[in-house]
Structure formats: C-alpha cells, structure tokens
Amino acid sequence: MTKSELVEKIASKMPNLTIRDIDRIVNVIFQRLTRALADGDRVEIRGFGAFSVRSRKPRVAINPKNKKSVEVPEKRIVHFKTGKELHARLNA
C-alpha cells in the first residue's frame with residue numbers, strides 16, 4: 001500500500017474530512033515517527049507493532065565484482081517488531 005492509497009482509504013471511511021486534510025495528517029504522523037526514530041526513540045503503535053533503531057557494527061565485506069575487501073562503517077537501521085494482534089492476524 002502506498003501513502004496515496006492510505007489517504008484514499010481513510011477518505012472513504014471519513015467523508016467529513018477533505019483529502020488535503022487527510023494527506024496533511026498522514027504526513028505529520030510520518031514526520032513525527034521519522035523524527036522520533038532519528039532521535040533514537042522507540043515508536044510503538046498498539047496492536048500493530050513497534051519501531052526501534054539498532055546499530056550495526058563496522059565490518060569488513062567482500063565486493064563480489066572484484067573480490068576486494070571493503071570496510072563498511074557502523075550504521076543505524078530501523079527494526080520493526082509486530083504487535084500481538086497483527087501477528088495473530090497474519091498467522092491465523
């Protein structure tokens with residue numbers, strides 16, 4: 001599902017809101033979620049799941065084209081863990 005599809009679904013369920021307002025709301029939610037993760041916070045949406053930031057240690061990798069060693073620096077990645085309700089629906 002794309003962001004525009006999400007906006008359309010919400011608009012069909014809430015006809016009293018304009019598509020422009022729904023688009024702004026969705027954008028604000030994504031901006032807040034992104035900002036919280038960038039600050040290292042954990043974001044939990046009950047019944048859906050939790051987003052957190054994890055660090056990957058620096059390592060040495062092999063370039064498959066030329067077989068040379070490449071140093072990969074430490075980096076932060078987003079980790080998602082499903083909530084109980086979502087997990088149950090996926091595995092029903």
# chains A, B, ... in the order shown; residues from 1 in each chain; ligands from 1
call {"tool": "residues_around", "arguments": {"residues": "Lys84 of chain A", "least_positions_apart": "2", "cutoff": "12 Å", "atoms": "only C-alpha atoms", "output": "VMD selection string"}}
result
chain A and resid 45 to 50 81 to 82 86 to 92
call {"tool": "write_last_selection", "arguments": {"atoms": "N, CA, C and O atoms", "output": "PDB file, in the first residue's frame"}}
result
ATOM      1  N   ILE A  45       3.008   1.377  18.182  1.00  0.00           N
ATOM      2  CA  ILE A  45       1.618   1.558  17.793  1.00  0.00           C
ATOM      3  C   ILE A  45       0.892   0.302  18.264  1.00  0.00           C
ATOM      4  O   ILE A  45       1.088  -0.786  17.705  1.00  0.00           O
ATOM      5  N   ARG A  46       0.097   0.441  19.305  1.00  0.00           N
ATOM      6  CA  ARG A  46      -0.553  -0.704  19.938  1.00  0.00           C
ATOM      7  C   ARG A  46      -1.347  -1.528  18.928  1.00  0.00           C
ATOM      8  O   ARG A  46      -2.076  -0.997  18.116  1.00  0.00           O
ATOM      9  N   GLY A  47      -1.175  -2.836  18.986  1.00  0.00           N
ATOM     10  CA  GLY A  47      -1.875  -3.737  18.093  1.00  0.00           C
ATOM     11  C   GLY A  47      -1.213  -3.886  16.735  1.00  0.00           C
ATOM     12  O   GLY A  47      -1.507  -4.812  15.994  1.00  0.00           O
ATOM     13  N   PHE A  48      -0.323  -2.977  16.391  1.00  0.00           N
ATOM     14  CA  PHE A  48       0.352  -3.028  15.088  1.00  0.00           C
ATOM     15  C   PHE A  48       1.795  -3.482  15.241  1.00  0.00           C
ATOM     16  O   PHE A  48       2.204  -4.467  14.655  1.00  0.00           O
ATOM     17  N   GLY A  49       2.568  -2.732  16.036  1.00  0.00           N
ATOM     18  CA  GLY A  49       3.957  -3.107  16.232  1.00  0.00           C
ATOM     19  C   GLY A  49       4.785  -1.968  16.784  1.00  0.00           C
ATOM     20  O   GLY A  49       4.270  -0.903  17.112  1.00  0.00           O
ATOM     21  N   ALA A  50       6.074  -2.217  16.865  1.00  0.00           N
ATOM     22  CA  ALA A  50       6.994  -1.231  17.433  1.00  0.00           C
ATOM     23  C   ALA A  50       8.196  -1.054  16.513  1.00  0.00           C
ATOM     24  O   ALA A  50       8.748  -2.024  15.983  1.00  0.00           O
ATOM     25  N   LYS A  81       9.077  -4.753  14.990  1.00  0.00           N
ATOM     26  CA  LYS A  81       8.587  -5.977  15.630  1.00  0.00           C
ATOM     27  C   LYS A  81       7.069  -5.898  15.647  1.00  0.00           C
ATOM     28  O   LYS A  81       6.501  -4.914  16.135  1.00  0.00           O
ATOM     29  N   THR A  82       6.418  -6.923  15.111  1.00  0.00           N
ATOM     30  CA  THR A  82       4.960  -6.910  15.045  1.00  0.00           C
ATOM     31  C   THR A  82       4.350  -7.001  16.435  1.00  0.00           C
ATOM     32  O   THR A  82       4.900  -7.632  17.337  1.00  0.00           O
ATOM     33  N   LEU A  86      -1.435  -7.986  15.279  1.00  0.00           N
ATOM     34  CA  LEU A  86      -1.002  -8.132  13.887  1.00  0.00           C
ATOM     35  C   LEU A  86      -0.412  -9.514  13.663  1.00  0.00           C
ATOM     36  O   LEU A  86      -0.708 -10.176  12.665  1.00  0.00           O
ATOM     37  N   HIS A  87       0.392  -9.974  14.594  1.00  0.00           N
ATOM     38  CA  HIS A  87       0.993 -11.296  14.486  1.00  0.00           C
ATOM     39  C   HIS A  87      -0.093 -12.378  14.424  1.00  0.00           C
ATOM     40  O   HIS A  87      -0.006 -13.317  13.610  1.00  0.00           O
ATOM     41  N   ALA A  88      -1.117 -12.239  15.251  1.00  0.00           N
ATOM     42  CA  ALA A  88      -2.210 -13.219  15.271  1.00  0.00           C
ATOM     43  C   ALA A  88      -2.981 -13.208  13.947  1.00  0.00           C
ATOM     44  O   ALA A  88      -3.357 -14.265  13.430  1.00  0.00           O
ATOM     45  N   ARG A  89      -3.229 -12.013  13.410  1.00  0.00           N
ATOM     46  CA  ARG A  89      -3.958 -11.924  12.125  1.00  0.00           C
ATOM     47  C   ARG A  89      -3.166 -12.490  10.972  1.00  0.00           C
ATOM     48  O   ARG A  89      -3.707 -13.108  10.068  1.00  0.00           O
ATOM     49  N   LEU A  90      -1.849 -12.298  10.987  1.00  0.00           N
ATOM     50  CA  LEU A  90      -1.014 -12.829   9.923  1.00  0.00           C
ATOM     51  C   LEU A  90      -0.903 -14.339   9.979  1.00  0.00           C
ATOM     52  O   LEU A  90      -0.737 -14.993   8.948  1.00  0.00           O
ATOM     53  N   ASN A  91      -0.975 -14.896  11.162  1.00  0.00           N
ATOM     54  CA  ASN A  91      -0.770 -16.342  11.342  1.00  0.00           C
ATOM     55  C   ASN A  91      -2.052 -17.101  11.686  1.00  0.00           C
ATOM     56  O   ASN A  91      -1.982 -18.189  12.224  1.00  0.00           O
ATOM     57  N   ALA A  92      -3.204 -16.509  11.390  1.00  0.00           N
ATOM     58  CA  ALA A  92      -4.478 -17.181  11.701  1.00  0.00           C
ATOM     59  C   ALA A  92      -4.776 -18.276  10.721  1.00  0.00           C
ATOM     60  O   ALA A  92      -4.392 -18.315   9.607  1.00  0.00           O
TER      61      ALA A  92
END
call {"tool": "residues_around", "arguments": {"residues": "Arg20 of chain A", "least_positions_apart": "2", "cutoff": "12 Å", "atoms": "only C-alpha atoms", "output": "PyMOL selection string"}}
result
chain A and resi 4+7-8+10-11+16-18+22-27
call {"tool": "select_by_dssp", "arguments": {"residues": "chain A", "states": "strand (DSSP E or B)", "output": "VMD selection string"}}
result
chain A and resid 43 to 45 49 to 56 59 to 62 69 to 72 75 to 82
call {"tool": "closest_residue", "arguments": {"among": "A:Ser12, A:Ser52, A:Val43, A:Val72", "to": "Phe30 of chain A", "atoms": "only C-alpha atoms"}}
result
A:Val43
call {"tool": "atom_distance", "arguments": {"atom1": "atom CA of Ile19 of chain A", "atom2": "atom CA of Thr34 of chain A"}}
result
22.3 Å
call {"tool": "select_by_dssp", "arguments": {"residues": "chain A", "states": "alpha helix (DSSP H)", "output": "PyMOL selection string"}}
result
chain A and resi 3-13+19-38+84-90
call {"tool": "atom_distance", "arguments": {"atom1": "atom CA of Asp21 of chain A", "atom2": "atom CA of Leu6 of chain A"}}
result
13.0 Å
call {"tool": "closest_residue", "arguments": {"among": "A:Thr2, A:Phe80, A:Arg32, A:Glu74", "to": "Val60 of chain A", "atoms": "only C-alpha atoms"}}
result
A:Glu74
call {"tool": "atom_distance", "arguments": {"atom1": "atom CA of Met14 of chain A", "atom2": "atom CA of Ala36 of chain A"}}
result
27.5 Å
